[in-house]
Amino acid sequence: MKKTTLILATSLLTACGGEDKNSTPVITVMQDRVVFEIHAEGELEAVKSTPITTPAASRRPQTLAWIAPQFSTVKEGEVVAKFDGSDFQLEVDETEFEIQKIMYSMMDKDREIDNSKFSFGAEAEVIDYEYELAKQFNIDDPLLYTKIEMIEAGDNEDFLKAKAEHIDKVEENFEEKSASEKAVLESSKQKQMAKLEMNSASLSALEIKAPHDGLFVLEPSWDGSLPEPGKSVFPGAKLASLPDLSAMQAKIYVPEVEAIGIKEGVAATVSLHAFPDNQINGTVSSISKTAQPKERDNPVKYFTVTVALDTSNDDKLKPGQRLDASIRVVEQEQGLAVPIQTVFREQERTWVFIQKGGGFAQQDVTTGFCSSSLCTIETGLTDGDVIALSQPVGLIAEGRP
């Protein structure tokens with residue numbers, strides 16, 4: 001982009017033929033038409049457009065396999081972009097294999113549980129039968145059996161009872177452990193099912209179709225590069241747009257240090273690089289709140305200024321066309337302007353040094369718009385006044401400042 005400049009449209013200042021006795025350079029202030037302009041570059045864009053974005057179903061970057069050419073005319077339902085689905089298909093196959101493995105593990109666990117329950121049940125029945133026999137033939141007659149025999153019979157009955165309770169406890173612990181193991185397998189299965197669903201959705205969204213007829217305009221990424229085959233794009237990223245060509249506007253980039261006085265409503269003129277003799281009038285409709293770099297490796301920041309154009313349905317206007325713009329931040333039919341170095345300030349007071357007699361005097365002035373080089377004067381000076389270009393070093397007509 002060429003450097004933005006701030007200029008005075010007509011010559012308002014005339015240098016004196018020589019220097020005064022104090023060797024202080026002077027200028028004569030003349031009233032004339034005052035125009036401050038900011039020159040910058042930009043491009044055309046549609047006021048309204050339909051965005052073409054990467055499907056959000058994949059939830060991860062996708063690789064472009066094909067995309068429609070820049071500025072191609074597309075019809076509703078026509079495929080405008082395709083993505084490479086080989087990675088998704090590979091993951092679908094792997095996920096389906098993992099799901100089958102988990103299903104077999106769950107079936108094996110069910111068989112193990114059934115066999116263990118059968119073993120526990122059979123052993124419990126035997127213990128219960130032995131316990132019932134022990135109770136039925138319990139030795140408790142001291143006339144027929146010795147005391148030792150009766151103690152052994154009682155101990156056997158207690159042992160069988162404790163054994164039955166132990167089997168029940170072991171079976172209960174086994175069921176809890178088995179339920180936990182099945183829950184882990186089920187969780188793994190659900191995780192793989194979710195992965196399968198996500199990759200299947202990505203496979204079903206490998207094509208993007210145009211929502212309506214229009215001109216296909218590729219959208220530059222943050223580094224200025226356009227989408228192309230082989231490039232990785234994130235879900236939801238804007239790939240292109242279908243602009244409404246009936247209403248166009250200019251997007252202008254103004255360096256941060258030179259965007260002085262730009263505000264909504266000021267007049268502007270743009271001319272396309274393709275048609276330099278065709279000037280289009282407009283007004284500033286918006287300006288970005290902050291300045292941002294345009295290029296990754298360039299620290300220069302720019303304000304983005306949008307200009308509404310006073311034209312519509314012009315076949316020459318296409319999105320992305322480069323243009324030159326002139327933004328008139330100040331425009332007066334009659335006014336005064338002086339170099340900014342002639343204006344001195346201290347707290348709330350502003351003055352210039354006006355030539356009087358053989359010297360200079362401080363003259364209070366009220367300034368209007370000031371750029372980096374010029375200031376407009378609202379009050380304090382009249383047409384034909386002679387002022388110092390720098391602070392005088394010699395005689396002061398009305399005392400020394």
# chains A, B, ... in the order shown; residues from 1 in each chain; ligands from 1

$ residues_around --residues "Ala183 of chain A" --least-positions-apart "6" --cutoff "10 Å" --atoms "only C-alpha atoms" --output "compact mmCIF listing (two decimals) with C-alpha atoms, in the first residue's frame"
# COMPACT_ATOMS: atom_id res chain seq x y z
CA MET A 106 -18.59 -58.22 27.16
CA LYS A 177 -16.79 -56.83 40.84
CA LYS A 189 -18.05 -48.98 24.15

$ residues_around --residues "Ser49 of chain A" --least-positions-apart "2" --cutoff "7 Å" --atoms "only C-alpha atoms" --output "MDAnalysis selection string"
chainID A and resid 46:47 51 241:244

$ write_last_selection --atoms "N, CA and C atoms" --output "mmCIF file, in the first residue's frame"
data_model
loop_
_atom_site.group_PDB
_atom_site.id
_atom_site.type_symbol
_atom_site.label_atom_id
_atom_site.label_comp_id
_atom_site.auth_asym_id
_atom_site.auth_seq_id
_atom_site.Cartn_x
_atom_site.Cartn_y
_atom_site.Cartn_z
ATOM 1 N N ALA A 46 -19.055 -6.651 -0.706
ATOM 2 C CA ALA A 46 -20.509 -6.533 -0.733
ATOM 3 C C ALA A 46 -21.023 -6.128 0.643
ATOM 4 N N VAL A 47 -22.062 -5.324 0.644
ATOM 5 C CA VAL A 47 -22.687 -4.947 1.911
ATOM 6 C C VAL A 47 -23.280 -6.181 2.587
ATOM 7 N N PRO A 51 -22.145 -16.368 3.892
ATOM 8 C CA PRO A 51 -20.853 -17.034 4.146
ATOM 9 C C PRO A 51 -20.892 -18.521 3.810
ATOM 10 N N SER A 241 -17.678 -16.722 0.186
ATOM 11 C CA SER A 241 -18.975 -16.082 0.363
ATOM 12 C C SER A 241 -19.649 -15.941 -0.993
ATOM 13 N N LEU A 242 -20.964 -15.786 -0.937
ATOM 14 C CA LEU A 242 -21.763 -15.489 -2.125
ATOM 15 C C LEU A 242 -22.330 -14.088 -1.930
ATOM 16 N N PRO A 243 -21.634 -13.056 -2.423
ATOM 17 C CA PRO A 243 -22.051 -11.673 -2.150
ATOM 18 C C PRO A 243 -23.270 -11.253 -2.958
ATOM 19 N N ASP A 244 -24.007 -10.313 -2.384
ATOM 20 C CA ASP A 244 -25.102 -9.651 -3.089
ATOM 21 C C ASP A 244 -24.499 -8.472 -3.849
#

$ select_by_dssp --residues "segment 162-277 of chain A" --states "helix (DSSP H, G or I)" --output "number ranges by chain"
A: 162-203, 256-258

$ residues_around --residues "Glu256 of chain A" --least-positions-apart "2" --cutoff "10 Å" --atoms "only C-alpha atoms" --output "MDAnalysis selection string"
chainID A and resid 253:254 258:260 290:293 300:304

$ residues_around --residues "segment 340-348 of chain A" --least-positions-apart "2" --cutoff "9 Å" --atoms "only C-alpha atoms" --output "compact mmCIF listing (two decimals) with N, CA and C atoms, in the first residue's frame"
# COMPACT_ATOMS: atom_id res chain seq x y z
N ALA A 337 -5.48 28.26 7.38
CA ALA A 337 -4.70 27.13 7.89
C ALA A 337 -3.25 27.56 7.99
N VAL A 338 -2.56 27.09 9.04
CA VAL A 338 -1.16 27.45 9.27
C VAL A 338 -0.38 26.19 9.59
N THR A 350 -3.52 28.99 23.67
CA THR A 350 -2.93 28.71 22.36
C THR A 350 -2.65 30.04 21.68
N TRP A 351 -1.46 30.18 21.08
CA TRP A 351 -1.13 31.46 20.44
C TRP A 351 -0.16 31.24 19.28
N VAL A 352 -0.04 32.32 18.46
CA VAL A 352 0.98 32.41 17.41
C VAL A 352 1.71 33.72 17.62
N PHE A 353 2.84 33.91 16.92
CA PHE A 353 3.57 35.17 16.97
C PHE A 353 3.26 35.94 15.69
N VAL A 365 -5.12 32.45 19.64
CA VAL A 365 -5.93 31.92 18.54
C VAL A 365 -6.72 30.71 19.05
N THR A 367 -7.80 27.09 17.57
CA THR A 367 -7.55 26.16 16.47
C THR A 367 -8.74 25.22 16.28
N CYS A 370 -6.44 19.79 13.60
CA CYS A 370 -4.99 19.77 13.46
C CYS A 370 -4.53 18.40 13.01
N SER A 371 -3.72 18.39 11.97
CA SER A 371 -3.10 17.16 11.52
C SER A 371 -1.68 17.12 12.07
N SER A 372 -0.87 16.23 11.51
CA SER A 372 0.52 16.16 11.95
C SER A 372 1.35 17.30 11.38
N SER A 373 0.77 18.09 10.43
CA SER A 373 1.56 19.16 9.82
C SER A 373 0.85 20.51 9.77
N LEU A 374 -0.51 20.54 9.80
CA LEU A 374 -1.25 21.79 9.65
C LEU A 374 -2.36 21.89 10.68
N CYS A 375 -2.75 23.14 10.96
CA CYS A 375 -3.88 23.42 11.85
C CYS A 375 -4.78 24.47 11.19
N ILE A 387 2.79 35.84 10.24
CA ILE A 387 3.16 35.19 11.50
C ILE A 387 4.52 34.53 11.36
N ALA A 388 5.15 34.30 12.52
CA ALA A 388 6.48 33.70 12.54
C ALA A 388 6.36 32.19 12.39
N LEU A 389 7.29 31.63 11.61
CA LEU A 389 7.33 30.17 11.45
C LEU A 389 7.97 29.48 12.65
N SER A 390 8.68 30.24 13.46
CA SER A 390 9.29 29.71 14.68
C SER A 390 9.27 30.80 15.73
N GLN A 391 9.58 30.46 16.96
CA GLN A 391 9.54 31.46 18.02
C GLN A 391 10.60 32.53 17.78

$ closest_atom_pairs --of "segment 200-270 of chain A" --to "segment 312-328 of chain A" --cutoff "8 Å" --atoms "only C-alpha atoms" --output "tab-separated table"
residue	atom	partner	partner_atom	distance
A:Val217	CA	A:Pro319	CA	7.4
A:Pro243	CA	A:Pro319	CA	7.7
A:Leu245	CA	A:Asn313	CA	6.9
A:Ser246	CA	A:Asn313	CA	4.6
A:Ala247	CA	A:Ser312	CA	5.3
A:Met248	CA	A:Ser312	CA	7.0
A:Ile252	CA	A:Ala325	CA	7.3
A:Ile262	CA	A:Ile327	CA	7.8
A:Val266	CA	A:Arg328	CA	6.5
A:Ala267	CA	A:Arg328	CA	5.5
A:Ala268	CA	A:Ile327	CA	4.3
A:Thr269	CA	A:Ser326	CA	5.2
A:Val270	CA	A:Ala325	CA	4.3

$ residues_around --residues "Glu175 of chain A" --least-positions-apart "6" --cutoff "12 Å" --atoms "only C-alpha atoms" --output "count of residues only"
12

$ closest_residue --among "A:Ser119, A:Ala81, A:Asp364, A:Gly359" --to "Ser23 of chain A" --atoms "only C-alpha atoms"
A:Gly359

$ closest_atom_pairs --of "segment 183-277 of chain A" --to "segment 57-66 of chain A" --cutoff "7 Å" --atoms "only C-alpha atoms" --output "CSV"
residue,atom,partner,partner_atom,distance
A:Met198,CA,A:Ser58,CA,6.4
A:Asn199,CA,A:Ser58,CA,6.8
A:Ala201,CA,A:Ala57,CA,6.1
A:Ser202,CA,A:Ser58,CA,4.8
A:Glu228,CA,A:Leu64,CA,6.8
A:Pro229,CA,A:Leu64,CA,4.8
A:Gly230,CA,A:Leu64,CA,5.3
A:Lys231,CA,A:Thr63,CA,5.6
A:Ser232,CA,A:Thr63,CA,4.4
A:Val233,CA,A:Pro61,CA,5.2
A:Phe234,CA,A:Pro61,CA,4.2
A:Pro235,CA,A:Arg59,CA,5.9

$ closest_residue --among "A:Lys251, A:Ile208, A:Ala361, A:Thr306" --to "Ala56 of chain A" --atoms "only C-alpha atoms"
A:Ile208

$ atom_distance --atom1 "atom CA of Phe83 of chain A" --atom2 "atom CA of Ile52 of chain A"
13.9 Å

$ closest_atom_pairs --of "segment 332-361 of chain A" --to "segment 26-35 of chain A" --cutoff "6 Å" --atoms "only C-alpha atoms" --output "Markdown table"
| residue | atom | partner | partner_atom | distance |
| --- | --- | --- | --- | --- |
| A:Gln332 | CA | A:Val34 | CA | 5.0 |
| A:Glu333 | CA | A:Arg33 | CA | 4.5 |
| A:Gln334 | CA | A:Arg33 | CA | 4.6 |
| A:Gly335 | CA | A:Gln31 | CA | 5.3 |
| A:Leu336 | CA | A:Gln31 | CA | 5.1 |
